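Participant: Got a structure for you, upload.cif, holding mmCIF, C-alpha atoms.
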data_work
loop_
_atom_site.label_atom_id
_atom_site.label_comp_id
_atom_site.auth_asym_id
_atom_site.auth_seq_id
_atom_site.Cartn_x
_atom_site.Cartn_y
_atom_site.Cartn_z
CA MET A 58 -49.66 2.08 -48.41
CA GLY A 59 -47.31 4.18 -46.15
CA GLU A 60 -48.15 4.80 -42.49
CA GLN A 61 -51.70 4.14 -41.28
CA PRO A 62 -53.19 4.88 -37.82
CA ILE A 63 -54.17 1.69 -35.97
CA TYR A 64 -55.28 3.15 -32.60
CA THR A 65 -56.15 6.68 -31.42
CA THR A 66 -56.92 8.15 -28.00
CA ARG A 67 -56.69 11.49 -26.16
CA ALA A 68 -54.42 12.37 -23.24
CA HIS A 69 -52.36 15.12 -21.63
CA VAL A 70 -48.72 14.84 -22.79
CA PHE A 71 -45.70 15.37 -20.50
CA GLN A 72 -41.92 15.07 -20.90
CA ILE A 73 -39.29 14.59 -18.23
CA ASP A 74 -37.30 17.72 -17.38
CA PRO A 75 -33.92 17.21 -19.14
CA SER A 76 -32.06 19.24 -16.52
CA THR A 77 -33.34 17.53 -13.36
CA LYS A 78 -34.58 14.19 -14.78
CA LYS A 79 -37.18 14.31 -11.99
CA ASN A 80 -39.94 16.80 -12.70
CA TRP A 81 -42.55 16.51 -15.44
CA VAL A 82 -42.90 19.35 -17.95
CA PRO A 83 -46.30 19.68 -19.72
CA ALA A 84 -45.92 19.35 -23.48
CA SER A 85 -49.57 20.22 -24.18
CA LYS A 86 -51.89 22.74 -22.56
CA GLN A 87 -54.86 20.40 -22.92
CA ALA A 88 -55.71 16.84 -23.90
CA VAL A 89 -54.49 16.07 -27.44
CA THR A 90 -54.77 13.16 -29.86
CA VAL A 91 -52.21 10.36 -29.38
CA SER A 92 -52.09 7.69 -32.14
CA TYR A 93 -50.28 4.45 -33.00
CA PHE A 94 -49.05 4.36 -36.64
CA TYR A 95 -47.89 1.30 -38.63
CA ASP A 96 -45.48 1.67 -41.54
CA SER A 97 -45.98 -1.34 -43.82
CA THR A 98 -42.93 -0.56 -45.97
CA ARG A 99 -40.50 -0.42 -43.05
CA ASN A 100 -42.53 -2.80 -40.86
CA SER A 101 -42.25 -0.37 -37.94
CA TYR A 102 -44.55 1.23 -35.38
CA ARG A 103 -44.59 4.79 -34.06
CA ILE A 104 -46.50 6.83 -31.45
CA ILE A 105 -47.29 10.28 -32.83
CA SER A 106 -49.04 13.25 -31.22
CA VAL A 107 -49.50 16.72 -32.70
CA ASP A 108 -50.62 19.84 -30.81
CA GLY A 109 -51.72 22.28 -33.51
CA SER A 110 -48.75 22.43 -35.89
CA LYS A 111 -46.21 21.21 -33.32
CA VAL A 112 -45.17 17.55 -33.12
CA ILE A 113 -44.83 16.76 -29.41
CA ILE A 114 -44.43 12.94 -29.68
CA ASN A 115 -42.59 11.06 -32.44
CA SER A 116 -41.48 7.83 -30.79
CA THR A 117 -40.56 4.67 -32.73
CA ILE A 118 -41.45 1.60 -30.68
CA THR A 119 -38.67 -0.95 -30.17
CA PRO A 120 -38.73 -4.31 -28.36
CA ASN A 121 -36.63 -2.83 -25.53
CA MET A 122 -39.24 -0.23 -24.59
CA THR A 123 -41.53 -0.69 -21.57
CA PHE A 124 -44.72 1.18 -20.76
CA THR A 125 -45.12 1.66 -16.99
CA LYS A 126 -48.29 2.60 -15.11
CA THR A 127 -47.29 4.97 -12.29
CA SER A 128 -50.85 5.71 -11.11
CA GLN A 129 -54.45 4.90 -11.98
CA LYS A 130 -54.53 7.46 -14.82
CA PHE A 131 -50.85 8.09 -15.66
CA GLY A 132 -48.30 6.05 -17.61
CA GLN A 133 -44.83 6.62 -19.06
CA TRP A 134 -42.19 5.11 -21.33
CA ALA A 135 -38.57 5.92 -22.16
CA ASP A 136 -37.39 6.66 -25.71
CA SER A 137 -33.60 6.23 -26.02
CA ARG A 138 -33.49 7.69 -29.54
CA ALA A 139 -35.25 10.86 -28.43
CA ASN A 140 -33.27 10.74 -25.16
CA THR A 141 -36.35 11.54 -23.08
CA VAL A 142 -39.20 10.02 -21.11
CA PHE A 143 -42.78 10.60 -22.26
CA GLY A 144 -45.72 10.68 -19.85
CA LEU A 145 -49.45 10.51 -20.62
CA GLY A 146 -52.29 11.54 -18.31
CA PHE A 147 -55.63 9.98 -19.22
CA ALA A 148 -59.15 10.91 -18.25
CA SER A 149 -59.96 7.42 -16.95
CA GLU A 150 -58.24 4.22 -15.89
CA GLN A 151 -59.90 2.31 -18.77
CA GLN A 152 -58.19 4.53 -21.37
CA LEU A 153 -54.83 3.98 -19.67
CA THR A 154 -55.36 0.19 -19.65
CA LYS A 155 -56.30 0.11 -23.35
CA PHE A 156 -53.23 2.23 -24.27
CA ALA A 157 -50.93 -0.04 -22.22
CA GLU A 158 -52.39 -3.18 -23.84
CA LYS A 159 -51.91 -1.66 -27.31
CA PHE A 160 -48.33 -0.70 -26.41
CA GLN A 161 -47.56 -4.31 -25.43
CA GLU A 162 -49.21 -5.60 -28.60
CA VAL A 163 -47.21 -3.22 -30.82
CA LYS A 164 -44.03 -3.99 -28.89
CA ASP A 165 -44.51 -7.74 -29.48
CA ALA A 166 -45.14 -7.09 -33.19
CA ALA A 167 -41.96 -4.98 -33.41
CA LYS A 168 -39.99 -7.73 -31.68
CA LEU A 169 -41.36 -10.34 -34.09
CA ALA A 170 -40.46 -8.16 -37.08
CA LYS A 171 -36.93 -7.69 -35.70
CA ASP A 172 -36.50 -11.44 -35.18
CA LYS A 173 -37.60 -12.15 -38.75
CA SER A 174 -35.18 -9.53 -40.06
CA GLN A 175 -32.31 -11.07 -38.09
CA GLU A 176 -33.16 -14.59 -39.33
CA LYS A 177 -33.23 -13.34 -42.92
CA GLY A 178 -29.86 -11.61 -42.45
CA ASP A 179 -28.32 -14.75 -40.89
CA THR A 180 -29.59 -16.95 -43.76
CA LEU A 181 -28.14 -14.57 -46.34
CA SER A 182 -24.80 -14.48 -44.52
CA ASN A 183 -24.59 -18.29 -44.27
CA HIS A 184 -25.42 -18.68 -47.95
CA SER A 185 -22.70 -16.22 -48.97
CA GLN A 186 -20.13 -18.00 -46.82
CA GLU A 187 -21.00 -21.43 -48.32
CA SER A 188 -20.80 -20.05 -51.87
CA GLY A 189 -17.45 -18.50 -51.09
CA ARG A 190 -16.11 -21.86 -49.89
CA GLU A 191 -17.48 -23.91 -52.83
CA THR A 192 -16.30 -21.67 -55.72
CA PRO A 193 -12.53 -21.83 -55.13
CA LEU A 194 -12.69 -25.63 -54.79
CA ALA A 195 -14.48 -26.00 -58.12
CA ASN A 196 -11.98 -23.74 -59.87
CA GLN A 197 -9.08 -25.65 -58.35
CA ALA A 198 -10.47 -29.02 -59.49
CA SER A 199 -11.07 -27.82 -63.05
CA SER A 200 -7.60 -26.37 -63.31
CA ILE A 201 -5.89 -29.54 -62.11
CA ASN A 202 -7.89 -32.40 -63.64
CA GLY A 203 -9.67 -30.83 -66.65
CA THR A 204 -8.51 -30.78 -70.35
CA ASP A 205 -8.68 -27.80 -72.66
CA ASP A 206 -12.10 -28.84 -73.94
CA GLU A 207 -13.29 -29.24 -70.40
CA LYS A 208 -11.89 -25.81 -69.54
CA ILE A 209 -13.67 -24.32 -72.53
CA SER A 210 -16.94 -26.02 -71.60
CA PHE A 211 -16.56 -25.05 -67.88
CA SER A 212 -15.64 -21.40 -68.33
CA PRO A 213 -19.17 -19.91 -68.56
CA GLU A 214 -20.29 -21.71 -65.41
CA ALA A 215 -17.15 -20.66 -63.57
CA ALA A 216 -17.66 -17.06 -64.62
CA GLN A 217 -21.24 -17.19 -63.40
CA LEU A 218 -20.16 -18.71 -60.11
CA LYS A 219 -17.41 -16.15 -59.79
CA SER A 220 -19.81 -13.25 -60.38
CA GLU A 221 -22.26 -14.76 -57.92
CA ASN A 222 -19.41 -15.19 -55.45
CA GLU A 223 -18.42 -11.54 -55.85
CA ARG A 224 -22.01 -10.47 -55.35
CA LEU A 225 -22.33 -12.62 -52.24
CA LYS A 226 -19.04 -11.24 -50.90
CA SER A 227 -20.33 -7.70 -51.34
CA CYS A 228 -23.56 -8.71 -49.59
CA VAL A 229 -21.56 -10.24 -46.74
CA GLU A 230 -19.46 -7.11 -46.43
CA GLN A 231 -22.60 -4.98 -46.41
CA SER A 232 -24.21 -7.27 -43.84
CA ASN A 233 -21.04 -7.10 -41.71
CA THR A 234 -21.04 -3.31 -41.99
CA THR A 235 -24.73 -3.23 -41.14
CA ALA A 236 -24.14 -5.62 -38.22
CA LYS A 237 -21.36 -3.39 -36.87
CA LYS A 238 -23.66 -0.41 -37.28
CA TYR A 239 -26.43 -2.25 -35.48
CA GLU A 240 -24.01 -3.31 -32.74
CA THR A 241 -22.97 0.32 -32.29
CA GLU A 242 -26.58 1.44 -32.22
CA LEU A 243 -27.41 -1.42 -29.84
CA GLN A 244 -24.60 -0.36 -27.50
CA THR A 245 -25.82 3.24 -27.71
CA LEU A 246 -29.36 2.08 -27.05
CA LYS A 247 -28.19 0.01 -24.07
CA GLU A 248 -26.38 3.00 -22.61
CA SER A 249 -29.38 5.26 -23.26
CA ASN A 250 -31.66 2.58 -21.83
CA ALA A 251 -29.50 2.38 -18.70
CA ARG A 252 -29.69 6.15 -18.30
CA LEU A 253 -33.42 6.08 -18.87
CA VAL A 254 -33.83 3.22 -16.40
CA ASP A 255 -31.98 5.33 -13.84
CA ALA A 256 -34.21 8.29 -14.70
CA LEU A 257 -37.25 6.00 -14.43
CA GLN A 258 -36.13 4.75 -11.04
CA GLU A 259 -35.55 8.33 -9.92
CA SER A 260 -38.98 9.31 -11.22
CA SER A 261 -40.51 6.30 -9.42
CA ALA A 262 -38.78 7.38 -6.22
CA ASN A 263 -40.03 10.90 -6.81
CA VAL A 264 -43.54 9.52 -7.32
CA GLU A 265 -43.29 7.74 -3.97
CA SER A 266 -42.07 10.93 -2.29
CA TRP A 267 -44.85 12.88 -4.02
CA LYS A 268 -47.36 10.31 -2.76
CA LYS A 269 -46.03 10.74 0.78
CA GLU A 270 -46.16 14.53 0.45
CA LEU A 271 -49.69 14.22 -0.92
CA THR A 272 -50.68 12.07 2.07
CA VAL A 273 -49.16 14.62 4.46
CA CYS A 274 -50.95 17.46 2.61
CA GLN A 275 -54.23 15.54 2.79
CA GLU A 276 -53.77 15.01 6.53
CA GLU A 277 -52.95 18.70 7.02
CA SER A 278 -55.97 19.61 4.89
CA GLU A 279 -58.18 17.38 7.04
CA THR A 280 -56.78 18.97 10.20
CA LEU A 281 -57.38 22.45 8.77
CA ARG A 282 -60.93 21.47 7.84
CA LYS A 283 -61.57 20.34 11.41
CA LYS A 284 -60.10 23.60 12.74
CA ILE A 285 -62.24 25.57 10.30
CA GLY A 286 -65.30 23.65 11.52
CA GLU A 287 -64.39 24.43 15.13
CA LEU A 288 -63.84 28.11 14.28
CA GLU A 289 -67.17 28.23 12.46
CA ALA A 290 -68.86 26.72 15.52
CA GLN A 291 -67.12 29.31 17.71
CA CYS A 292 -68.22 32.06 15.31
CA LYS A 293 -71.79 30.79 15.55
CA GLU A 294 -71.56 30.84 19.33
CA ALA A 295 -70.08 34.36 19.20
CA ASN A 296 -72.92 35.51 16.93
CA GLN A 297 -75.45 33.97 19.30
CA GLU A 298 -73.71 35.71 22.21
CA LYS A 299 -73.85 39.00 20.28
CA GLN A 300 -77.55 38.48 19.72
CA ARG A 301 -78.02 37.79 23.43
CA ASN A 302 -76.03 40.93 24.29
CA ALA A 303 -78.14 42.95 21.87
CA GLN A 304 -81.31 41.58 23.47
CA LEU A 305 -79.93 42.35 26.93
CA THR A 306 -79.01 45.86 25.81
CA VAL A 307 -82.56 46.42 24.59
CA ARG A 308 -83.90 44.99 27.88
CA VAL A 309 -81.58 47.26 29.89
CA LYS A 310 -82.83 50.28 27.96
CA GLU A 311 -86.43 49.24 28.64
CA LEU A 312 -85.64 48.81 32.35
CA GLU A 313 -83.91 52.18 32.42
CA ALA A 314 -87.05 53.74 30.91
CA GLU A 315 -89.17 51.97 33.52
CA LEU A 316 -86.77 53.16 36.22
CA GLN A 317 -87.15 56.74 35.04
CA GLU A 318 -90.94 56.32 35.19
CA LYS A 319 -90.71 54.87 38.70
CA GLU A 320 -88.39 57.70 39.77
CA GLN A 321 -90.91 60.16 38.36
CA GLU A 322 -93.68 58.48 40.35
CA LEU A 323 -91.46 58.54 43.45
CA GLU A 324 -90.81 62.25 42.93
CA ASN A 325 -94.55 62.82 42.70
CA LEU A 326 -95.06 60.83 45.88
CA ARG A 327 -92.35 62.86 47.59
CA ARG A 328 -94.07 66.07 46.56
CA GLN A 329 -97.33 64.70 47.91
CA ALA A 330 -95.53 63.68 51.12
CA GLU A 331 -94.38 67.27 51.58
CA ILE A 332 -98.05 68.24 51.96
CA ILE A 333 -98.49 65.88 54.96
CA PRO A 334 -96.82 68.26 57.50
CA GLN A 335 -99.19 70.99 56.37
CA LEU A 336 -102.10 68.63 56.89
CA MET A 337 -100.73 67.68 60.30
CA GLY A 338 -100.44 71.35 61.19
CA GLU A 339 -103.96 71.90 60.11
CA CYS A 340 -105.03 68.92 62.22
CA GLU A 341 -103.24 70.36 65.22
CA GLY A 342 -104.87 73.73 64.62
CA ILE A 343 -108.23 72.09 64.39
CA THR A 344 -107.51 70.16 67.59
CA ALA A 345 -106.60 73.41 69.33
CA LYS A 346 -109.72 75.03 68.08
CA LEU A 347 -111.64 71.98 69.27
CA LYS A 348 -110.21 72.41 72.72
CA VAL A 349 -111.10 76.08 72.68
CA ALA A 350 -114.55 75.13 71.51
CA GLU A 351 -114.86 72.60 74.32
CA SER A 352 -113.85 75.24 76.88
CA LYS A 353 -116.31 77.59 75.38
CA ASN A 354 -118.86 74.78 75.40
CA LYS A 355 -119.24 75.12 79.09
CA GLU A 356 -119.94 78.77 78.70
CA LEU A 357 -122.08 78.37 75.60
CA GLU A 358 -124.31 75.47 76.50
CA GLY A 359 -127.08 77.07 74.62
CA ARG A 360 -125.13 76.76 71.39
CA ILE A 361 -123.86 73.28 72.20
CA GLU A 362 -126.15 71.43 69.90
CA GLY A 363 -125.14 73.40 66.88
CA LEU A 364 -121.53 73.32 67.91
CA GLN A 365 -121.86 69.60 68.73
CA MET A 366 -122.95 68.98 65.17
CA ASP A 367 -120.07 71.06 63.94
CA ILE A 368 -117.72 69.14 66.14
CA ASN A 369 -119.09 65.83 64.97
CA ASP A 370 -118.70 66.92 61.40
CA SER A 371 -115.18 68.08 62.10
CA ARG A 372 -114.33 64.83 63.86
CA GLN A 373 -115.76 62.84 61.03
CA LYS A 374 -113.73 64.84 58.53
CA GLN A 375 -110.68 64.47 60.70
CA GLY A 376 -111.23 60.70 60.88
CA ASN A 377 -111.69 60.52 57.14
CA MET A 378 -108.61 62.61 56.62
CA LYS A 379 -106.57 60.40 58.97
CA GLY A 380 -107.81 57.28 57.19
CA GLU A 381 -106.90 58.71 53.84
CA LEU A 382 -103.57 59.82 55.24
CA LYS A 383 -102.92 56.30 56.59
CA LYS A 384 -103.86 54.76 53.26
CA PHE A 385 -101.63 57.25 51.54
CA MET A 386 -98.73 56.31 53.85
CA ASP A 387 -99.34 52.61 53.23
CA VAL A 388 -99.37 53.20 49.48
CA LEU A 389 -96.20 55.28 49.79
CA ASP A 390 -94.49 52.51 51.78
CA GLY A 391 -95.52 49.93 49.15
CA LYS A 392 -94.19 52.11 46.36
CA LEU A 393 -90.92 52.63 48.22
CA ASP A 394 -90.56 48.84 48.71
CA GLU A 395 -91.27 48.20 45.04
CA LEU A 396 -88.75 50.84 44.04
CA HIS A 397 -86.15 49.27 46.34
CA GLU A 398 -86.76 45.77 44.86
CA PHE A 399 -86.67 47.22 41.34
CA ARG A 400 -83.28 48.84 42.04
CA GLN A 401 -81.90 45.57 43.41
CA GLY A 402 -83.10 43.67 40.27
CA LEU A 403 -81.59 46.33 38.02
CA ALA A 404 -78.27 46.15 39.87
CA LYS A 405 -78.24 42.33 39.59
CA LEU A 406 -79.03 42.51 35.85
CA GLY A 407 -76.19 44.96 35.30
CA VAL A 408 -73.76 42.62 37.11
CA ASP A 409 -74.87 39.62 34.97
CA ASN A 410 -74.48 41.63 31.76
#
Any chance you could give the structure as structure tokens?

Facilitator:
Amino acid sequence: MGEQPIYTTRAHVFQIDPSTKKNWVPASKQAVTVSYFYDSTRNSYRIISVDGSKVIINSTITPNMTFTKTSQKFGQWADSRANTVFGLGFASEQQLTKFAEKFQEVKDAAKLAKDKSQEKGDTLSNHSQESGRETPLANQASSINGTDDEKISFSPEAAQLKSENERLKSCVEQSNTTAKKYETELQTLKESNARLVDALQESSANVESWKKELTVCQEESETLRKKIGELEAQCKEANQEKQRNAQLTVRVKELEAELQEKEQELENLRRQAEIIPQLMGECEGITAKLKVAESKNKELEGRIEGLQMDINDSRQKQGNMKGELKKFMDVLDGKLDELHEFRQGLAKLGVDN
């Protein structure tokens, strides 16, 4: 039958850095297929993963191996034959749990197969030792107590036993050689396992330090997020302040335009006020003429009625002119007060801005 896949999943594959024994080195650029294979002829199990045409995992599972979960989605195991540590990153915690359960199941099956192989080897060794002890005794008894006929009749059985004894001796020697080989490999595996355990402990310590660094980075990230939020709030306030300044600038320009209009009105009022002395002079001239007219009135009584009407008209005009002049002065005073208040408001607005 050969090797057959018994379980398949997908994961990101990593290997421990051989130089530092601390850092993980990605063995695949993306998630690849990772499968358990069972070899019925050798009664062995392997984990195999291929990325394109490159074999990135070829790990034979032994009873001494242990699969360790280092996080919710990451697990690792040490392979003493490959002299490395493999790591797998899964997409979910459920996939990691299923892979770990399958690893334990395959590990138990490999241990059971190894125990059966050892029992079979021990039985074969015991049988060869018993045969080796029984054959010399039988030959010794036949040579001492047997006659020639007995020797003739016993020779085929002795030859068969002797050949079987030789075969069992060769089997024992092979088993001893194999046992020594296995002992050497076991010692090598123990040493490799010790090194890998040390590497695993170092990697576990590194994981703890990475977790602490990750916690510190998360705290720093949270602090930076708060600072960014505060800066954004300050930026919003600054933008609002800029908008207020822009509005105030527009208002100041409008007030400056109004001030120019008021100054123009004030200039017009000043020009009109310059005419008042002329009007006063005219009033004085008219008053002088009135006095002259009054002096002449005594002399010209005959013309008094006509002159009286003229005088009344003049007085009425003068009264109207004085009333208009008074109104004009009142209006001018009001305008000057408004202009003064407007200047004070503009000065206060400029100080606030």

Participant: Could you check the closest approach to Asp390 of chain A for each of A:Ile113, A:Thr127, A:Ser92, A:Leu326 and tell me which residue wins, using all atoms listed in the file?

Facilitator: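 Among the listed residues, the smallest separation from Asp390 of chain A belongs to A:Leu326.
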
Participant: Report as JSON, numbers by chain the residues that result from applying the PyMOL selection byres ((chain A and resi 114-121) around 8) to the structure here.

Facilitator: {"A": [101, 102, 103, 104, 105, 106, 107, 112, 113, 122, 123, 136, 139, 143, 163, 164, 165, 167, 168]}

Participant: Using only C-alpha atoms, which residues sit within 9 Å of segment 315-323 of chain A once same-chain residues fewer than 2 positions away are excluded, as a ChimeraX atom specification?

Facilitator: /A:310-313,325-328,389,392-393,396,399-400,403

Participant: Output the selection as a short mmCIF file (atom, residue, chain, number, x, y, z; two decimals), in the coordinates of the input - C-alpha atoms for each residue.

Facilitator:
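What landed in result-v4.cif:
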data_model
loop_
_atom_site.label_atom_id
_atom_site.label_comp_id
_atom_site.auth_asym_id
_atom_site.auth_seq_id
_atom_site.Cartn_x
_atom_site.Cartn_y
_atom_site.Cartn_z
CA LYS A 310 -82.83 50.28 27.96
CA GLU A 311 -86.43 49.24 28.64
CA LEU A 312 -85.64 48.81 32.35
CA GLU A 313 -83.91 52.18 32.42
CA ASN A 325 -94.55 62.82 42.70
CA LEU A 326 -95.06 60.83 45.88
CA ARG A 327 -92.35 62.86 47.59
CA ARG A 328 -94.07 66.07 46.56
CA LEU A 389 -96.20 55.28 49.79
CA LYS A 392 -94.19 52.11 46.36
CA LEU A 393 -90.92 52.63 48.22
CA LEU A 396 -88.75 50.84 44.04
CA PHE A 399 -86.67 47.22 41.34
CA ARG A 400 -83.28 48.84 42.04
CA LEU A 403 -81.59 46.33 38.02
#

Participant: Which residues, named as in the file, does the PyMOL selection byres ((chain A and resi 84-86) around 6) pick out? Answer as a list in words.

Facilitator: Val70, Phe71, Pro83 and Gln87 of chain A

Participant: In Å, rounded to a single decimal, give me how far atom CA of Phe156 of chain A is from atom CA of Lys173 of chain A.

Facilitator: 25.7 Å

Participant: Could you jot down the atom CA of Leu305 of chain A to atom CA of Leu406 of chain A separation for me, Å, one decimal place?

Facilitator: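 If I compute the distance from atom CA of Leu305 of chain A to atom CA of Leu406 of chain A, I get 9.0 Å.
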
Participant: Please, which residues are within 8 Å of (-55.7, 9.7, -19.9) by the file's coordinates, counting all atoms listed in the file, and could they come as a ChimeraX atom specification?

Facilitator: /A:67-69,130-131,145-150,152-153

Participant: Can you turn the PyMOL selection byres ((chain A and resi 382) around 12) into a concrete residue list for this file, as a tab-separated table (two decimals) with C-alpha atoms, in the coordinates of the input?

Facilitator:
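Saved result, selection.tsv, follows:
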chain	number	residue	atom	x	y	z
A	329	GLN	CA	-97.33	64.70	47.91
A	330	ALA	CA	-95.53	63.68	51.12
A	332	ILE	CA	-98.05	68.24	51.96
A	333	ILE	CA	-98.49	65.88	54.96
A	334	PRO	CA	-96.82	68.26	57.50
A	336	LEU	CA	-102.10	68.63	56.89
A	337	MET	CA	-100.73	67.68	60.30
A	340	CYS	CA	-105.03	68.92	62.22
A	374	LYS	CA	-113.73	64.84	58.53
A	375	GLN	CA	-110.68	64.47	60.70
A	376	GLY	CA	-111.23	60.70	60.88
A	377	ASN	CA	-111.69	60.52	57.14
A	378	MET	CA	-108.61	62.61	56.62
A	379	LYS	CA	-106.57	60.40	58.97
A	380	GLY	CA	-107.81	57.28	57.19
A	381	GLU	CA	-106.90	58.71	53.84
A	383	LYS	CA	-102.92	56.30	56.59
A	384	LYS	CA	-103.86	54.76	53.26
A	385	PHE	CA	-101.63	57.25	51.54
A	386	MET	CA	-98.73	56.31	53.85
A	387	ASP	CA	-99.34	52.61	53.23
A	388	VAL	CA	-99.37	53.20	49.48
A	389	LEU	CA	-96.20	55.28	49.79
